[in-house]
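Shown here: coords-v1.cif, mmCIF, N, CA and C atoms.
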data_start
#
loop_
_atom_site.label_atom_id
_atom_site.label_comp_id
_atom_site.auth_asym_id
_atom_site.auth_seq_id
_atom_site.Cartn_x
_atom_site.Cartn_y
_atom_site.Cartn_z
N MET L 645 107.60 114.48 93.86
CA MET L 645 106.54 115.27 94.46
C MET L 645 105.30 114.39 94.65
N ALA L 646 104.73 114.47 95.83
CA ALA L 646 103.54 113.67 96.13
C ALA L 646 102.35 114.22 95.37
N GLY L 647 101.44 113.32 95.01
CA GLY L 647 100.24 113.73 94.30
C GLY L 647 99.19 114.26 95.25
N SER L 648 98.07 114.61 94.69
CA SER L 648 96.95 115.09 95.49
C SER L 648 96.12 113.90 95.97
N HIS L 649 95.26 114.19 96.92
CA HIS L 649 94.34 113.18 97.44
C HIS L 649 92.91 113.64 97.21
N TRP L 650 92.03 112.66 97.02
CA TRP L 650 90.63 112.94 96.70
C TRP L 650 89.74 111.96 97.44
N LEU L 651 88.45 112.23 97.41
CA LEU L 651 87.44 111.30 97.92
C LEU L 651 86.34 111.22 96.88
N VAL L 652 85.94 110.00 96.56
CA VAL L 652 84.79 109.79 95.68
C VAL L 652 83.74 109.00 96.45
N LYS L 653 82.49 109.28 96.13
CA LYS L 653 81.37 108.59 96.78
C LYS L 653 80.64 107.73 95.77
N SER L 654 80.22 106.57 96.22
CA SER L 654 79.38 105.71 95.41
C SER L 654 78.47 104.91 96.32
N GLU L 655 77.26 104.70 95.87
CA GLU L 655 76.35 103.84 96.62
C GLU L 655 76.82 102.40 96.41
N PRO L 656 77.05 101.66 97.51
CA PRO L 656 77.58 100.30 97.36
C PRO L 656 76.68 99.37 96.55
N ASN L 657 75.36 99.63 96.54
CA ASN L 657 74.49 98.77 95.74
C ASN L 657 74.53 99.15 94.26
N THR L 658 75.10 100.32 93.93
CA THR L 658 75.28 100.73 92.54
C THR L 658 76.66 100.32 92.05
N TYR L 659 77.71 100.72 92.80
CA TYR L 659 79.07 100.34 92.45
C TYR L 659 79.92 100.46 93.71
N GLY L 660 80.15 99.34 94.37
CA GLY L 660 80.91 99.34 95.60
C GLY L 660 82.39 99.06 95.38
N PHE L 661 83.17 99.22 96.44
CA PHE L 661 84.61 99.01 96.34
C PHE L 661 84.93 97.56 95.96
N ALA L 662 84.15 96.62 96.44
CA ALA L 662 84.39 95.20 96.08
C ALA L 662 84.27 95.01 94.57
N GLN L 663 83.34 95.74 93.94
CA GLN L 663 83.19 95.64 92.48
C GLN L 663 84.40 96.24 91.77
N LEU L 664 84.92 97.34 92.30
CA LEU L 664 86.13 97.94 91.72
C LEU L 664 87.29 96.95 91.82
N GLU L 665 87.42 96.29 92.96
CA GLU L 665 88.49 95.30 93.11
C GLU L 665 88.32 94.16 92.11
N LYS L 666 87.08 93.72 91.91
CA LYS L 666 86.80 92.64 90.96
C LYS L 666 87.11 93.08 89.53
N ASP L 667 86.71 94.31 89.18
CA ASP L 667 86.91 94.82 87.82
C ASP L 667 88.36 95.18 87.53
N GLY L 668 89.11 95.57 88.55
CA GLY L 668 90.51 95.96 88.35
C GLY L 668 90.70 97.41 87.97
N ARG L 669 89.69 98.02 87.36
CA ARG L 669 89.67 99.46 87.05
C ARG L 669 88.28 99.78 86.55
N THR L 670 87.93 101.06 86.62
CA THR L 670 86.62 101.47 86.15
C THR L 670 86.66 102.92 85.67
N VAL L 671 85.75 103.25 84.78
CA VAL L 671 85.55 104.63 84.36
C VAL L 671 84.64 105.28 85.39
N TRP L 672 85.11 106.37 85.98
CA TRP L 672 84.30 107.11 86.96
C TRP L 672 83.58 108.20 86.22
N ASP L 673 82.33 107.91 85.83
CA ASP L 673 81.56 108.83 85.00
C ASP L 673 80.24 109.16 85.66
N GLY L 674 79.44 109.95 84.98
CA GLY L 674 78.12 110.29 85.48
C GLY L 674 78.10 111.45 86.46
N VAL L 675 79.24 112.07 86.70
CA VAL L 675 79.31 113.21 87.62
C VAL L 675 78.76 114.44 86.91
N ARG L 676 77.69 115.03 87.46
CA ARG L 676 77.06 116.16 86.80
C ARG L 676 77.08 117.45 87.62
N ASN L 677 77.67 117.42 88.80
CA ASN L 677 77.81 118.62 89.60
C ASN L 677 79.05 119.36 89.12
N ASN L 678 78.92 120.66 88.85
CA ASN L 678 80.04 121.41 88.29
C ASN L 678 81.27 121.42 89.19
N ALA L 679 81.08 121.60 90.50
CA ALA L 679 82.22 121.61 91.42
C ALA L 679 82.91 120.24 91.43
N ALA L 680 82.13 119.18 91.50
CA ALA L 680 82.70 117.83 91.49
C ALA L 680 83.42 117.56 90.17
N ALA L 681 82.85 118.05 89.07
CA ALA L 681 83.48 117.86 87.76
C ALA L 681 84.82 118.58 87.68
N LEU L 682 84.92 119.75 88.30
CA LEU L 682 86.20 120.47 88.34
C LEU L 682 87.24 119.66 89.10
N HIS L 683 86.81 118.97 90.15
CA HIS L 683 87.75 118.12 90.90
C HIS L 683 88.22 116.96 90.02
N LEU L 684 87.32 116.38 89.24
CA LEU L 684 87.74 115.31 88.32
C LEU L 684 88.80 115.83 87.35
N LYS L 685 88.58 117.04 86.83
CA LYS L 685 89.53 117.63 85.87
C LYS L 685 90.89 117.89 86.51
N ALA L 686 90.91 118.12 87.82
CA ALA L 686 92.15 118.43 88.53
C ALA L 686 92.95 117.17 88.91
N MET L 687 92.34 116.01 88.79
CA MET L 687 93.02 114.78 89.18
C MET L 687 94.19 114.48 88.23
N ALA L 688 95.26 113.98 88.81
CA ALA L 688 96.44 113.60 88.03
C ALA L 688 96.67 112.11 88.15
N GLU L 689 97.29 111.53 87.13
CA GLU L 689 97.60 110.10 87.17
C GLU L 689 98.43 109.80 88.41
N GLY L 690 98.03 108.77 89.15
CA GLY L 690 98.74 108.39 90.36
C GLY L 690 98.17 109.00 91.63
N ASP L 691 97.30 110.01 91.52
CA ASP L 691 96.66 110.58 92.71
C ASP L 691 95.89 109.47 93.43
N GLU L 692 95.90 109.54 94.75
CA GLU L 692 95.20 108.55 95.56
C GLU L 692 93.81 109.05 95.92
N VAL L 693 92.88 108.11 96.02
CA VAL L 693 91.47 108.44 96.18
C VAL L 693 90.85 107.57 97.28
N LEU L 694 90.21 108.22 98.24
CA LEU L 694 89.43 107.49 99.24
C LEU L 694 88.11 107.11 98.60
N PHE L 695 87.69 105.87 98.79
CA PHE L 695 86.44 105.37 98.22
C PHE L 695 85.43 105.29 99.35
N TYR L 696 84.38 106.11 99.25
CA TYR L 696 83.36 106.24 100.30
C TYR L 696 82.06 105.62 99.85
N HIS L 697 81.49 104.76 100.70
CA HIS L 697 80.18 104.18 100.41
C HIS L 697 79.12 105.11 100.97
N SER L 698 78.29 105.67 100.09
CA SER L 698 77.22 106.57 100.50
C SER L 698 75.89 105.80 100.57
N GLN L 699 74.89 106.49 101.07
CA GLN L 699 73.53 105.95 101.22
C GLN L 699 73.47 104.84 102.26
N GLU L 700 74.21 103.75 102.05
CA GLU L 700 74.27 102.72 103.09
C GLU L 700 75.74 102.45 103.37
N GLY L 701 76.05 102.19 104.62
CA GLY L 701 77.44 102.01 105.00
C GLY L 701 78.01 103.30 105.55
N LEU L 702 77.89 104.39 104.80
CA LEU L 702 78.37 105.70 105.20
C LEU L 702 79.77 105.63 105.81
N ALA L 703 80.71 105.14 104.99
CA ALA L 703 82.07 104.98 105.48
C ALA L 703 83.07 104.95 104.33
N VAL L 704 84.28 105.41 104.63
CA VAL L 704 85.40 105.24 103.72
C VAL L 704 85.83 103.79 103.86
N VAL L 705 85.87 103.06 102.75
CA VAL L 705 86.14 101.62 102.82
C VAL L 705 87.40 101.18 102.10
N GLY L 706 87.92 102.04 101.21
CA GLY L 706 89.08 101.62 100.45
C GLY L 706 89.84 102.78 99.84
N ILE L 707 90.95 102.43 99.22
CA ILE L 707 91.79 103.40 98.52
C ILE L 707 91.91 102.96 97.07
N ALA L 708 91.73 103.94 96.18
CA ALA L 708 91.92 103.72 94.75
C ALA L 708 92.96 104.72 94.27
N LYS L 709 93.33 104.61 93.00
CA LYS L 709 94.23 105.60 92.42
C LYS L 709 93.75 105.94 91.02
N VAL L 710 94.11 107.14 90.60
CA VAL L 710 93.76 107.61 89.26
C VAL L 710 94.73 106.97 88.28
N VAL L 711 94.18 106.25 87.29
CA VAL L 711 95.03 105.61 86.29
C VAL L 711 94.85 106.22 84.90
N ARG L 712 93.86 107.08 84.74
CA ARG L 712 93.67 107.83 83.50
C ARG L 712 93.01 109.15 83.85
N THR L 713 93.60 110.24 83.42
CA THR L 713 93.07 111.55 83.77
C THR L 713 91.86 111.90 82.91
N ALA L 714 91.29 113.06 83.20
CA ALA L 714 90.02 113.49 82.62
C ALA L 714 89.95 113.33 81.10
N PHE L 715 88.83 112.74 80.67
CA PHE L 715 88.51 112.57 79.25
C PHE L 715 87.00 112.74 79.11
N PRO L 716 86.49 112.98 77.91
CA PRO L 716 85.05 113.21 77.76
C PRO L 716 84.21 112.04 78.31
N ASP L 717 83.22 112.39 79.10
CA ASP L 717 82.31 111.40 79.70
C ASP L 717 81.33 110.95 78.62
N GLU L 718 81.46 109.70 78.21
CA GLU L 718 80.59 109.18 77.14
C GLU L 718 79.13 109.11 77.55
N SER L 719 78.85 109.16 78.87
CA SER L 719 77.45 109.12 79.31
C SER L 719 76.80 110.50 79.28
N ASP L 720 77.57 111.52 78.86
CA ASP L 720 77.06 112.89 78.77
C ASP L 720 76.87 113.27 77.31
N PRO L 721 75.63 113.21 76.79
CA PRO L 721 75.39 113.51 75.38
C PRO L 721 75.76 114.95 75.00
N ALA L 722 75.75 115.86 75.96
CA ALA L 722 76.08 117.25 75.67
C ALA L 722 77.59 117.47 75.56
N GLY L 723 78.36 116.51 76.07
CA GLY L 723 79.81 116.62 75.99
C GLY L 723 80.43 117.65 76.92
N ARG L 724 79.72 118.02 77.97
CA ARG L 724 80.21 119.05 78.90
C ARG L 724 81.05 118.47 80.03
N PHE L 725 80.81 117.21 80.39
CA PHE L 725 81.42 116.65 81.58
C PHE L 725 82.51 115.63 81.25
N VAL L 726 83.35 115.37 82.24
CA VAL L 726 84.48 114.46 82.05
C VAL L 726 84.36 113.26 82.98
N ALA L 727 85.18 112.26 82.69
CA ALA L 727 85.30 111.07 83.52
C ALA L 727 86.80 110.85 83.76
N VAL L 728 87.12 110.02 84.73
CA VAL L 728 88.50 109.56 84.94
C VAL L 728 88.43 108.04 85.09
N GLU L 729 89.58 107.39 85.06
CA GLU L 729 89.61 105.95 85.36
C GLU L 729 90.30 105.75 86.69
N LEU L 730 89.70 104.88 87.50
CA LEU L 730 90.24 104.53 88.81
C LEU L 730 90.56 103.05 88.86
N ALA L 731 91.58 102.72 89.65
CA ALA L 731 91.93 101.33 89.91
C ALA L 731 92.05 101.15 91.42
N PRO L 732 91.73 99.97 91.93
CA PRO L 732 91.82 99.76 93.37
C PRO L 732 93.28 99.68 93.83
N VAL L 733 93.53 100.17 95.04
CA VAL L 733 94.83 100.01 95.68
C VAL L 733 94.69 98.97 96.78
N ARG L 734 93.80 99.26 97.77
CA ARG L 734 93.56 98.29 98.83
C ARG L 734 92.31 98.66 99.62
N GLU L 735 91.74 97.66 100.21
CA GLU L 735 90.63 97.87 101.14
C GLU L 735 91.24 98.37 102.45
N LEU L 736 90.54 99.24 103.16
CA LEU L 736 91.03 99.69 104.46
C LEU L 736 90.92 98.55 105.46
N LYS L 737 91.81 98.56 106.45
CA LYS L 737 91.80 97.54 107.49
C LYS L 737 90.41 97.48 108.14
N ARG L 738 89.83 98.65 108.37
CA ARG L 738 88.45 98.73 108.84
C ARG L 738 87.84 100.01 108.29
N PRO L 739 86.54 100.00 107.99
CA PRO L 739 85.89 101.20 107.47
C PRO L 739 85.96 102.36 108.46
N VAL L 740 86.06 103.58 107.94
CA VAL L 740 86.02 104.79 108.77
C VAL L 740 84.66 105.43 108.50
N THR L 741 83.81 105.41 109.52
CA THR L 741 82.43 105.86 109.35
C THR L 741 82.33 107.39 109.32
N LEU L 742 81.25 107.85 108.72
CA LEU L 742 80.96 109.28 108.69
C LEU L 742 80.87 109.83 110.12
N ALA L 743 80.25 109.07 111.01
CA ALA L 743 80.13 109.51 112.41
C ALA L 743 81.52 109.70 113.03
N GLU L 744 82.44 108.78 112.77
CA GLU L 744 83.81 108.93 113.28
C GLU L 744 84.48 110.16 112.68
N MET L 745 84.28 110.36 111.39
CA MET L 745 84.89 111.51 110.72
C MET L 745 84.35 112.81 111.30
N LYS L 746 83.04 112.89 111.54
CA LYS L 746 82.43 114.10 112.09
C LYS L 746 82.88 114.34 113.54
N ALA L 747 83.21 113.27 114.26
CA ALA L 747 83.64 113.38 115.65
C ALA L 747 85.11 113.76 115.77
N GLU L 748 85.85 113.70 114.68
CA GLU L 748 87.29 113.97 114.69
C GLU L 748 87.51 115.46 114.41
N PRO L 749 87.97 116.23 115.42
CA PRO L 749 88.12 117.68 115.24
C PRO L 749 89.01 118.07 114.06
N THR L 750 90.03 117.29 113.75
CA THR L 750 90.94 117.64 112.66
C THR L 750 90.28 117.48 111.29
N LEU L 751 89.10 116.86 111.24
CA LEU L 751 88.39 116.70 109.96
C LEU L 751 87.22 117.67 109.80
N ALA L 752 87.07 118.60 110.74
CA ALA L 752 85.91 119.51 110.74
C ALA L 752 85.82 120.34 109.46
N GLU L 753 86.96 120.66 108.86
CA GLU L 753 86.95 121.49 107.66
C GLU L 753 87.02 120.66 106.38
N MET L 754 86.95 119.35 106.49
CA MET L 754 87.05 118.49 105.32
C MET L 754 85.94 118.80 104.33
N ALA L 755 86.29 118.91 103.04
CA ALA L 755 85.32 119.29 102.01
C ALA L 755 84.11 118.36 102.01
N MET L 756 84.34 117.05 102.20
CA MET L 756 83.22 116.10 102.16
C MET L 756 82.22 116.39 103.27
N ILE L 757 82.70 116.86 104.40
CA ILE L 757 81.80 117.15 105.53
C ILE L 757 81.14 118.52 105.34
N ARG L 758 81.89 119.49 104.87
CA ARG L 758 81.34 120.84 104.66
C ARG L 758 80.38 120.89 103.48
N GLN L 759 80.67 120.12 102.42
CA GLN L 759 79.82 120.10 101.21
C GLN L 759 79.40 118.66 100.97
N SER L 760 78.51 118.18 101.81
CA SER L 760 78.21 116.74 101.85
C SER L 760 77.57 116.20 100.57
N ARG L 761 77.05 117.07 99.71
CA ARG L 761 76.40 116.57 98.49
C ARG L 761 77.38 116.33 97.35
N LEU L 762 78.63 116.81 97.49
CA LEU L 762 79.62 116.60 96.43
C LEU L 762 80.02 115.13 96.34
N SER L 763 80.03 114.60 95.13
CA SER L 763 80.40 113.20 94.94
C SER L 763 81.90 113.02 94.74
N VAL L 764 82.61 114.12 94.48
CA VAL L 764 84.07 114.10 94.33
C VAL L 764 84.59 115.33 95.05
N SER L 765 85.54 115.13 95.97
CA SER L 765 86.06 116.28 96.71
C SER L 765 87.53 116.09 97.03
N PRO L 766 88.24 117.21 97.24
CA PRO L 766 89.65 117.12 97.59
C PRO L 766 89.82 116.71 99.05
N VAL L 767 90.97 116.13 99.36
CA VAL L 767 91.33 115.72 100.72
C VAL L 767 92.74 116.25 100.97
N THR L 768 92.93 116.97 102.07
CA THR L 768 94.26 117.48 102.37
C THR L 768 95.17 116.34 102.85
N ASP L 769 96.47 116.58 102.85
CA ASP L 769 97.41 115.57 103.34
C ASP L 769 97.11 115.21 104.79
N GLY L 770 96.78 116.22 105.61
CA GLY L 770 96.47 115.97 107.01
C GLY L 770 95.20 115.14 107.18
N GLU L 771 94.17 115.46 106.38
CA GLU L 771 92.93 114.68 106.44
C GLU L 771 93.17 113.25 106.01
N TRP L 772 93.97 113.08 104.96
CA TRP L 772 94.31 111.75 104.46
C TRP L 772 94.98 110.93 105.57
N ALA L 773 95.97 111.53 106.22
CA ALA L 773 96.70 110.83 107.29
C ALA L 773 95.77 110.47 108.45
N THR L 774 94.86 111.38 108.79
CA THR L 774 93.92 111.13 109.88
C THR L 774 93.00 109.96 109.55
N ILE L 775 92.47 109.93 108.34
CA ILE L 775 91.56 108.85 107.95
C ILE L 775 92.29 107.51 107.93
N LEU L 776 93.52 107.49 107.42
CA LEU L 776 94.29 106.24 107.43
C LEU L 776 94.59 105.78 108.86
N ARG L 777 94.86 106.74 109.75
CA ARG L 777 95.10 106.40 111.16
C ARG L 777 93.83 105.81 111.79
N LEU L 778 92.68 106.43 111.52
CA LEU L 778 91.41 105.92 112.04
C LEU L 778 91.12 104.52 111.50
N ALA L 779 91.52 104.27 110.27
CA ALA L 779 91.26 102.96 109.65
C ALA L 779 92.08 101.85 110.32
N GLU L 780 93.17 102.21 110.96
CA GLU L 780 93.99 101.22 111.64
C GLU L 780 93.36 100.80 112.97
N GLY L 781 92.38 101.60 113.45
CA GLY L 781 91.68 101.25 114.67
C GLY L 781 92.46 101.68 115.88
#
Would you write the structure of this file as structure tokens?
Amino acid sequence: MAGSHWLVKSEPNTYGFAQLEKDGRTVWDGVRNNAAALHLKAMAEGDEVLFYHSQEGLAVVGIAKVVRTAFPDESDPAGRFVAVELAPVRELKRPVTLAEMKAEPTLAEMAMIRQSRLSVSPVTDGEWATILRLAEG
């Protein structure tokens, strides 16, 4: 059975995809939005994740995978939120920009576009396939 797909956002000057590739894996922590935190809790080992550069770049630039499911976020002193571990899979052949995504009718209902402030959101199989197709140019 195929796993689920997700999208995570990070500012490239804070933690970009190149840094994830260099590190080999990272703890994805610091998520404090309840909806985004629920998505982290729903992630399963092996699920694939689109890595989106926010603030600057505004594009999906790579694919990661979940290598450790939800565990207590050590950066949360209250102990309410969780983190996951991600590892890089590959950089996309070319970035898929937010403008391209918004111009693609099949992505109109994508959670990242409808709820743009969420740092972690689900991606349907169809949306995943569309973004990978766009990345091929």
Can you turn the PyMOL selection byres ((chain L and resi 650) around 7) into a concrete residue list for this file, as a PyMOL selection string?
chain L and resi 648-649+651-652+691-695+764-768
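Distance check against Gly674 in chain L using only N, CA and C atoms: of L:Thr774, L:Thr750, L:Ser719, L:Gln759, the minimum falls on L:Ser719.
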Expressed in Å to a single decimal, how great is the separation between atom C of Ala779 in chain L and atom C of Asp673 in chain L?
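Atom C of Asp673 in chain L lies at a distance of 28.3 Å from atom C of Ala779 in chain L.
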Please compute the atom N of Val704 in chain L-atom C of Phe725 in chain L distance, one decimal, in Å.
25.6 Å
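Here the question is which of L:Met754, L:Ala714, L:Leu778, L:Ala708 gets nearest to Arg734 in chain L using all atoms listed in the file, and that residue is L:Ala708.
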Point-to-point distance in Å for atom N of Asp667 in chain L and CA of Asp717 in chain L
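Interatomic distance, CA of Asp717 in chain L to atom N of Asp667 in chain L: 20.0 Å.
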Write out as number ranges by chain each polymer residue whose atoms come within 6.5 Å of Arg669 in chain L, counting all atoms listed in the file; drop sequence neighbours fewer than 4 positions from it.
L: 664-665, 729-732
Where does DSSP see helix (DSSP H, G or I) in chain L, if you list the residues as JSON, numbers by chain?
{"L": [656, 657, 658, 659, 661, 662, 663, 664, 665, 666, 667, 678, 679, 680, 681, 682, 683, 684, 685, 686, 742, 743, 744, 745, 746, 747, 749, 750, 751, 755, 756, 757, 758, 769, 770, 771, 772, 773, 774, 775, 776, 777, 778, 779]}
